[in-house]
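The file final-v3.txt contains compact mmCIF, C-alpha atoms and all ligand atoms:
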```txt
# COMPACT_ATOMS: atom_id res chain seq x y z
CA MET J 1 161.44 79.30 43.69
CA PRO J 2 160.62 75.72 42.75
CA GLU J 3 157.32 74.59 44.21
CA LEU J 4 156.18 71.03 44.75
CA PRO J 5 155.26 70.34 41.08
CA GLU J 6 158.78 71.29 39.99
CA VAL J 7 160.33 69.09 42.66
CA GLU J 8 158.08 66.19 41.65
CA THR J 9 159.00 66.72 37.98
CA THR J 10 162.66 66.89 38.93
CA VAL J 11 162.46 63.58 40.78
CA ARG J 12 160.67 61.91 37.85
CA GLY J 13 163.27 63.27 35.45
CA LEU J 14 166.19 62.15 37.61
CA ALA J 15 164.63 58.70 37.86
CA THR J 16 164.82 58.28 34.07
CA VAL J 17 168.59 58.78 34.25
CA LEU J 18 169.51 57.40 37.68
CA ASP J 19 167.17 54.59 38.66
CA GLY J 20 169.08 51.30 38.78
CA ARG J 21 172.37 52.91 37.73
CA ARG J 22 175.65 52.61 39.57
CA ILE J 23 177.41 55.83 40.54
CA VAL J 24 181.00 55.72 39.31
CA ARG J 25 182.14 59.19 40.29
CA VAL J 26 180.97 61.88 42.71
CA GLU J 27 182.44 65.34 42.96
CA PRO J 28 181.18 67.76 45.61
CA ARG J 29 182.57 71.11 44.45
CA ARG J 30 182.09 73.06 47.65
CA ALA J 31 181.71 72.31 51.36
CA ASP J 32 178.29 73.85 51.91
CA LEU J 33 175.05 75.10 50.46
CA ARG J 34 172.51 76.44 52.98
CA ARG J 35 174.25 74.09 55.41
CA ALA J 36 177.32 71.89 55.26
CA ILE J 37 177.43 69.09 52.71
CA PRO J 38 178.42 65.83 54.52
CA VAL J 39 182.19 65.43 54.19
CA ASP J 40 181.88 61.69 53.43
CA LEU J 41 179.18 62.15 50.77
CA GLY J 42 181.46 61.33 47.85
CA GLN J 43 182.95 58.30 49.53
CA ARG J 44 179.55 56.86 50.52
CA LEU J 45 177.95 57.38 47.12
CA THR J 46 180.79 56.30 44.85
CA GLY J 47 180.21 52.73 43.70
CA ALA J 48 176.67 52.60 45.09
CA ARG J 49 173.70 51.58 42.97
CA ILE J 50 170.58 53.73 43.01
CA THR J 51 167.60 51.66 44.07
CA SER J 52 164.78 54.22 44.19
CA LEU J 53 163.91 57.89 43.85
CA GLY J 54 161.12 59.65 45.68
CA ARG J 55 159.95 62.90 47.18
CA ARG J 56 158.68 64.08 50.55
CA ALA J 57 157.27 67.64 50.53
CA LYS J 58 159.94 69.60 48.63
CA TYR J 59 162.76 67.16 49.43
CA GLY J 60 164.02 64.82 46.71
CA LEU J 61 165.13 61.39 48.00
CA ILE J 62 167.67 59.22 46.17
CA ALA J 63 168.20 55.83 47.86
CA THR J 64 171.16 53.51 47.25
CA ASP J 65 171.89 49.82 47.79
CA ARG J 66 174.26 50.77 50.61
CA GLY J 67 171.32 51.77 52.77
CA ASP J 68 171.90 55.50 52.35
CA THR J 69 169.58 58.18 51.03
CA LEU J 70 170.79 61.40 49.41
CA ILE J 71 168.29 64.14 50.26
CA PHE J 72 168.29 67.27 48.15
CA HIS J 73 166.35 70.52 48.41
CA LEU J 74 166.36 73.01 45.53
CA GLY J 75 166.03 76.07 47.78
CA MET J 76 165.36 79.25 45.79
CA SER J 77 167.29 78.56 42.61
CA GLY J 78 168.44 74.93 42.47
CA ARG J 79 168.14 72.72 39.40
CA TRP J 80 169.59 69.48 38.10
CA ARG J 81 171.28 69.49 34.73
CA THR J 82 171.99 66.45 32.60
CA ASP J 83 175.19 66.02 30.61
CA PRO J 84 176.10 69.71 30.88
CA GLU J 85 178.55 70.84 28.22
CA GLU J 86 180.30 73.16 30.64
CA ILE J 87 180.65 73.07 34.39
CA GLY J 88 180.41 76.48 36.03
CA LYS J 89 180.87 77.91 39.48
CA HIS J 90 177.22 77.26 40.36
CA ASP J 91 177.50 73.51 39.74
CA HIS J 92 177.99 72.25 43.29
CA LEU J 93 177.69 68.47 42.93
CA LEU J 94 178.56 66.23 39.97
CA ILE J 95 177.45 62.62 39.72
CA GLU J 96 178.52 60.25 36.94
CA THR J 97 176.70 57.01 36.21
CA ASP J 98 178.01 53.69 34.89
CA ASP J 99 176.31 54.31 31.53
CA GLY J 100 178.16 57.56 30.99
CA HIS J 101 175.70 60.24 32.08
CA ARG J 102 176.80 63.17 34.14
CA LEU J 103 174.39 65.07 36.38
CA SER J 104 175.01 68.39 38.03
CA LEU J 105 173.18 70.10 40.86
CA ASN J 106 173.32 73.79 39.97
CA ASP J 107 172.24 76.39 42.53
CA PRO J 108 173.35 80.03 42.06
CA ARG J 109 171.81 81.32 45.29
CA ARG J 110 172.76 78.27 47.38
CA PHE J 111 169.62 78.18 49.52
CA GLY J 112 169.31 74.49 48.68
CA SER J 113 170.72 71.61 50.70
CA LEU J 114 172.33 68.19 50.36
CA ASP J 115 172.12 65.63 53.15
CA LEU J 116 173.05 61.97 53.28
CA MET J 117 171.70 59.65 55.93
CA PRO J 118 170.77 56.01 56.47
CA THR J 119 167.53 55.34 54.59
CA ALA J 120 166.08 53.79 57.76
CA GLU J 121 166.47 57.15 59.55
CA VAL J 122 164.90 59.42 56.94
CA ALA J 123 161.32 59.17 58.23
CA ALA J 124 162.44 60.07 61.76
CA TRP J 125 164.62 63.01 60.65
CA PRO J 126 162.98 65.98 62.44
CA THR J 127 162.67 67.99 59.21
CA ILE J 128 160.70 65.15 57.62
CA ALA J 129 158.98 63.75 60.72
CA ALA J 130 157.19 67.04 61.45
CA LEU J 131 155.52 67.20 58.03
CA GLY J 132 151.80 66.74 57.48
CA PRO J 133 150.37 64.44 54.79
CA GLU J 134 151.51 64.69 51.18
CA PRO J 135 149.08 66.66 49.03
CA LEU J 136 149.54 64.18 46.15
CA GLY J 137 148.76 60.48 46.23
CA GLY J 138 145.51 60.47 48.19
CA ALA J 139 146.96 60.96 51.68
CA LEU J 140 145.13 64.25 52.21
CA ASP J 141 141.42 64.30 52.98
CA GLY J 142 138.78 66.72 54.21
CA ARG J 143 138.49 65.09 57.62
CA TRP J 144 142.18 65.68 58.29
CA LEU J 145 141.79 69.35 57.38
CA LYS J 146 138.69 69.64 59.57
CA GLN J 147 140.52 68.13 62.51
CA ARG J 148 143.58 70.34 62.11
CA PHE J 149 141.54 73.53 61.54
CA GLU J 150 139.22 72.92 64.52
CA ARG J 151 138.89 76.07 66.62
CA ARG J 152 141.65 77.78 64.67
CA SER J 153 140.97 81.47 64.11
CA ALA J 154 143.93 81.96 61.72
CA ALA J 155 143.12 82.62 58.08
CA ILE J 156 142.87 79.42 56.05
CA LYS J 157 145.51 80.73 53.64
CA LEU J 158 148.05 80.80 56.48
CA LEU J 159 147.00 77.42 57.88
CA LEU J 160 147.57 75.82 54.47
CA LEU J 161 151.12 77.17 54.38
CA ASP J 162 151.83 75.39 57.68
CA GLN J 163 153.90 72.35 56.63
CA ARG J 164 152.63 70.37 59.62
CA ILE J 165 149.09 70.54 58.19
CA VAL J 166 149.89 69.86 54.53
CA ALA J 167 153.45 69.08 53.39
CA GLY J 168 155.11 70.97 50.59
CA LEU J 169 152.44 73.55 49.72
CA GLY J 170 153.76 77.01 48.85
CA ASN J 171 152.17 80.39 48.26
CA ILE J 172 151.27 79.86 44.60
CA TYR J 173 149.36 76.59 44.96
CA VAL J 174 147.60 77.63 48.16
CA CYS J 175 146.16 80.61 46.25
CA GLU J 176 145.22 78.40 43.30
CA ALA J 177 143.63 75.67 45.42
CA LEU J 178 141.54 78.16 47.43
CA PHE J 179 140.29 79.70 44.19
CA ARG J 180 139.40 76.30 42.77
CA ALA J 181 137.56 75.36 45.98
CA ARG J 182 135.88 78.81 46.02
CA ILE J 183 137.05 79.54 49.58
CA ASP J 184 137.91 83.07 50.74
CA PRO J 185 141.59 82.99 51.83
CA ARG J 186 140.83 85.36 54.73
CA LYS J 187 138.28 83.05 56.34
CA ALA J 188 139.13 81.54 59.72
CA GLY J 189 140.11 77.88 59.28
CA GLY J 190 137.86 76.78 62.13
CA GLY J 191 134.80 78.36 60.52
CA ILE J 192 134.79 76.29 57.33
CA GLY J 193 132.44 73.32 57.10
CA GLN J 194 133.25 69.74 56.20
CA VAL J 195 131.74 69.83 52.71
CA ARG J 196 133.86 72.80 51.71
CA LEU J 197 136.97 71.23 53.23
CA ASN J 198 136.30 68.07 51.23
CA ALA J 199 136.24 70.23 48.10
CA LEU J 200 139.50 71.84 49.17
CA ALA J 201 141.14 68.46 49.78
CA GLU J 202 140.27 67.61 46.16
CA ALA J 203 141.30 70.99 44.76
CA ILE J 204 144.82 70.84 46.27
CA PRO J 205 146.03 67.71 44.42
CA ALA J 206 144.12 68.81 41.30
CA VAL J 207 146.01 72.12 40.94
CA LEU J 208 149.31 70.34 41.62
CA GLU J 209 148.59 67.61 39.06
CA ASP J 210 147.70 70.25 36.46
CA ALA J 211 151.02 71.97 37.09
CA ILE J 212 152.94 68.69 36.83
CA ALA J 213 151.21 68.02 33.50
CA ALA J 214 152.31 71.51 32.36
CA GLY J 215 155.89 70.53 33.19
CA GLY J 216 155.75 67.49 30.93
CA SER J 217 157.81 69.14 28.20
CA THR J 218 160.56 69.88 30.74
CA LEU J 219 160.63 66.18 31.53
CA ARG J 220 161.05 65.18 27.87
CA ASP J 221 163.80 67.74 27.27
CA PHE J 222 165.75 66.48 30.27
CA ALA J 223 166.78 63.36 28.39
CA GLN J 224 168.67 65.58 25.91
CA PRO J 225 172.23 66.81 26.51
CA ASP J 226 172.28 70.07 28.43
CA GLY J 227 168.73 69.45 29.58
CA GLU J 228 167.72 70.88 32.91
CA LEU J 229 165.06 70.28 35.50
CA GLY J 230 163.72 72.59 38.12
CA TYR J 231 161.43 75.23 36.62
CA PHE J 232 158.63 75.54 34.14
CA SER J 233 156.09 78.20 33.36
CA LYS J 234 152.48 77.61 34.14
CA GLN J 235 149.38 79.69 33.59
CA PHE J 236 147.75 80.38 36.93
CA ASP J 237 144.09 81.24 37.53
CA VAL J 238 144.76 83.82 40.24
CA TYR J 239 148.44 83.90 41.19
CA GLY J 240 150.19 86.98 39.76
CA ARG J 241 146.97 88.16 38.05
CA GLU J 242 146.06 91.23 40.13
CA GLY J 243 143.61 93.45 38.26
CA GLU J 244 143.00 90.89 35.51
CA PRO J 245 139.56 89.39 34.80
CA CYS J 246 138.47 86.48 36.99
CA ARG J 247 138.23 83.13 35.19
CA GLY J 248 135.66 81.82 37.65
CA GLY J 249 132.62 83.00 35.73
CA CYS J 250 131.99 86.34 37.47
CA LEU J 251 132.63 89.79 36.01
CA GLY J 252 135.11 90.78 38.71
CA LYS J 253 138.85 91.22 38.74
CA ILE J 254 141.48 89.35 40.71
CA ARG J 255 142.58 91.13 43.86
CA ARG J 256 145.85 91.05 45.74
CA ILE J 257 146.14 91.41 49.49
CA VAL J 258 149.05 90.76 51.84
CA GLN J 259 148.72 88.10 54.55
CA ALA J 260 151.62 87.55 56.94
CA GLY J 261 153.90 89.43 54.58
CA ARG J 262 153.05 87.44 51.47
CA SER J 263 150.77 88.19 48.55
CA THR J 264 147.42 86.46 48.29
CA PHE J 265 145.54 86.57 44.99
CA PHE J 266 141.82 85.84 44.97
CA CYS J 267 138.38 86.77 43.65
CA LEU J 268 136.06 88.60 46.04
CA GLN J 269 132.98 87.41 44.15
CA CYS J 270 133.81 83.76 43.59
CA GLN J 271 135.52 82.97 46.89
CA ARG J 272 133.35 83.07 50.00
ZN ZN J 301 135.38 85.59 40.23
```

File written out as structure tokens:
Amino acid sequence: MPELPEVETTVRGLATVLDGRRIVRVEPRRADLRRAIPVDLGQRLTGARITSLGRRAKYGLIATDRGDTLIFHLGMSGRWRTDPEEIGKHDHLLIETDDGHRLSLNDPRRFGSLDLMPTAEVAAWPTIAALGPEPLGGALDGRWLKQRFERRSAAIKLLLLDQRIVAGLGNIYVCEALFRARIDPRKAGGGIGQVRLNALAEAIPAVLEDAIAAGGSTLRDFAQPDGELGYFSKQFDVYGREGEPCRGGCLGKIRRIVQAGRSTFFCLQCQR
């Protein structure tokens, strides 16, 4: 499943091909993904010029000079392909630009989504409006975490997965950020002091930025024909490393526990 770094890399890659271009042809190739694709999507995008690309949590935002924004979510298996040599049954949306590039949104499992709405309404869209601050770009700080965790007895791991507290964080990067901040994922959110939450607020963007840097090669390849965006491999410190040696300087091994049905990887010695 693409996590925030992949979505960010996807948006940056799409920007290199789409920003400032006019869309000359749009072909939705099915009526729905996770939910219906707007029936007038092709009509509203054809002929429009793309004025900006951005991201909110795991939603990619593509704005046009007609005052519309195309909002995409990659779901479990979505990816954008550039100048694909063949179009297959999993290519659900094709976009052609005035300089001859063709982009395809490919999503075999179809848990992704495509929405189109007036740009002025995006921030108030309930899905977006309910989100907490972005973990990248300096919007997240330790005081915000302290305020939102106040008197909360839930484990900090679970609180960090709550999109109303921090937008766009998934299981992998919550585990990685807690390891980097040396915080035990089982600890009650309300019991963690300000200094440690300040460290956490720095660790979260740091692990995401490292992952985005690891996806740099994906970004370069995207400019080539048949390039694709959406996934890259990354070496994690704790995620997926059960039983392997801790990299935090202790002699212990990484443990795996299950919290609310999802795996948590951490070091019992380093994380308190
Ligand atoms: Zn350790």

At what distance in Å, to one decimal, does CA of Arg66 (chain J) lie from CA of Asp19 (chain J)?
14.4 Å

Given all atoms listed in the file, how would the per-residue table for region 87-179 of chain J near region 204-226 of chain J read, listing every residue at most 8 Å away with its closest atom pair and distance in Å to one decimal, sorted by chain and number, as CSV?
```
residue,atom,partner,partner_atom,distance
J:Pro135,CA,J:Pro205,CA,5.6
J:Leu136,CA,J:Pro205,CA,5.3
J:Gly137,CA,J:Pro205,CA,7.9
J:Tyr173,CA,J:Val207,CA,6.9
J:Val174,CA,J:Ile204,CA,7.6
J:Glu176,CA,J:Val207,CA,6.8
J:Ala177,CA,J:Ile204,CA,5.0
```

Filtering to C-alpha atoms, could you give me those residues as an mmCIF file, in the coordinates of the input?
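Listing of again.cif after writing:
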```cif
data_model
loop_
_atom_site.group_PDB
_atom_site.id
_atom_site.type_symbol
_atom_site.label_atom_id
_atom_site.label_comp_id
_atom_site.auth_asym_id
_atom_site.auth_seq_id
_atom_site.Cartn_x
_atom_site.Cartn_y
_atom_site.Cartn_z
ATOM 1 C CA PRO J 135 149.080 66.660 49.030
ATOM 2 C CA LEU J 136 149.540 64.180 46.150
ATOM 3 C CA GLY J 137 148.760 60.480 46.230
ATOM 4 C CA TYR J 173 149.360 76.590 44.960
ATOM 5 C CA VAL J 174 147.600 77.630 48.160
ATOM 6 C CA GLU J 176 145.220 78.400 43.300
ATOM 7 C CA ALA J 177 143.630 75.670 45.420
#
```

Nearest to His90 (chain J) by atom-to-atom distance, counting only C-alpha atoms, from J:Gly54, J:Pro28, J:Gly142, J:Gly47:
J:Pro28

Would you mind telling me which residue in J:Asp98, J:Glu121, J:Glu244, J:Asp91 lies nearest to Arg256 (chain J) when using only C-alpha atoms?
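The shortest atom-to-atom distance to Arg256 (chain J) comes from J:Glu244.
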
Nearby residues, ligand ZN 301 (chain J), 10 Å, only C-alpha atoms and all ligand atoms, as a ChimeraX atom specification
/J:179,182,238,245-255,266-271

Nearest-residue call for Ile95 (chain J), choices J:Glu150, J:Glu27, J:Asp68, J:Asp83, using all atoms listed in the file
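Ranked by minimum distance to Ile95 (chain J), first place goes to J:Glu27.
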
Choose the residue, out of J:Asn198, J:Thr119, J:Thr64, J:Thr264, that has the smallest atom-to-atom separation from Cys175 (chain J); count all atoms listed in the file.
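Selected residue with least distance to Cys175 (chain J): J:Thr264.
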
So the first atom is CA of Ile128 (chain J) and the second is CA of Leu200 (chain J); what is the distance between them in Å, to one decimal place?
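Separation between CA of Ile128 (chain J) and CA of Leu200 (chain J): 23.8 Å.
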
For a quick check of understanding, using only C-alpha atoms, which of J:Lys89, J:Arg180, J:Lys157, J:Arg196 has the smallest distance to Ser263 (chain J)?
J:Lys157

10 Å contact set for Gly190 (chain J), only C-alpha atoms, chain neighbours under 4 positions out, as a PyMOL selection string
chain J and resi 145-156

When you look at region 71-80 of chain J with a cut-off of 10 Å (counting all atoms listed in the file), what residues show up, excluding the ones that are within fewer than 5 positions of it in the same chain? I need them as a compact mmCIF listing (two decimals) with C-alpha atoms, in the coordinates of the input.
```txt
# COMPACT_ATOMS: atom_id res chain seq x y z
CA MET J 1 161.44 79.30 43.69
CA PRO J 2 160.62 75.72 42.75
CA GLU J 3 157.32 74.59 44.21
CA GLU J 6 158.78 71.29 39.99
CA VAL J 7 160.33 69.09 42.66
CA THR J 10 162.66 66.89 38.93
CA VAL J 11 162.46 63.58 40.78
CA GLY J 13 163.27 63.27 35.45
CA LEU J 14 166.19 62.15 37.61
CA LEU J 33 175.05 75.10 50.46
CA ARG J 34 172.51 76.44 52.98
CA LEU J 53 163.91 57.89 43.85
CA GLY J 54 161.12 59.65 45.68
CA ARG J 55 159.95 62.90 47.18
CA ARG J 56 158.68 64.08 50.55
CA ALA J 57 157.27 67.64 50.53
CA LYS J 58 159.94 69.60 48.63
CA TYR J 59 162.76 67.16 49.43
CA GLY J 60 164.02 64.82 46.71
CA LEU J 61 165.13 61.39 48.00
CA ILE J 62 167.67 59.22 46.17
CA ALA J 63 168.20 55.83 47.86
CA HIS J 90 177.22 77.26 40.36
CA ASP J 91 177.50 73.51 39.74
CA HIS J 92 177.99 72.25 43.29
CA LEU J 93 177.69 68.47 42.93
CA LEU J 94 178.56 66.23 39.97
CA LEU J 103 174.39 65.07 36.38
CA SER J 104 175.01 68.39 38.03
CA LEU J 105 173.18 70.10 40.86
CA ASN J 106 173.32 73.79 39.97
CA ASP J 107 172.24 76.39 42.53
CA PRO J 108 173.35 80.03 42.06
CA ARG J 109 171.81 81.32 45.29
CA ARG J 110 172.76 78.27 47.38
CA PHE J 111 169.62 78.18 49.52
CA GLY J 112 169.31 74.49 48.68
CA SER J 113 170.72 71.61 50.70
CA LEU J 114 172.33 68.19 50.36
CA ASP J 115 172.12 65.63 53.15
CA LEU J 116 173.05 61.97 53.28
CA MET J 117 171.70 59.65 55.93
CA THR J 119 167.53 55.34 54.59
CA VAL J 122 164.90 59.42 56.94
CA PHE J 222 165.75 66.48 30.27
CA GLY J 227 168.73 69.45 29.58
CA GLU J 228 167.72 70.88 32.91
CA LEU J 229 165.06 70.28 35.50
CA GLY J 230 163.72 72.59 38.12
CA TYR J 231 161.43 75.23 36.62
```
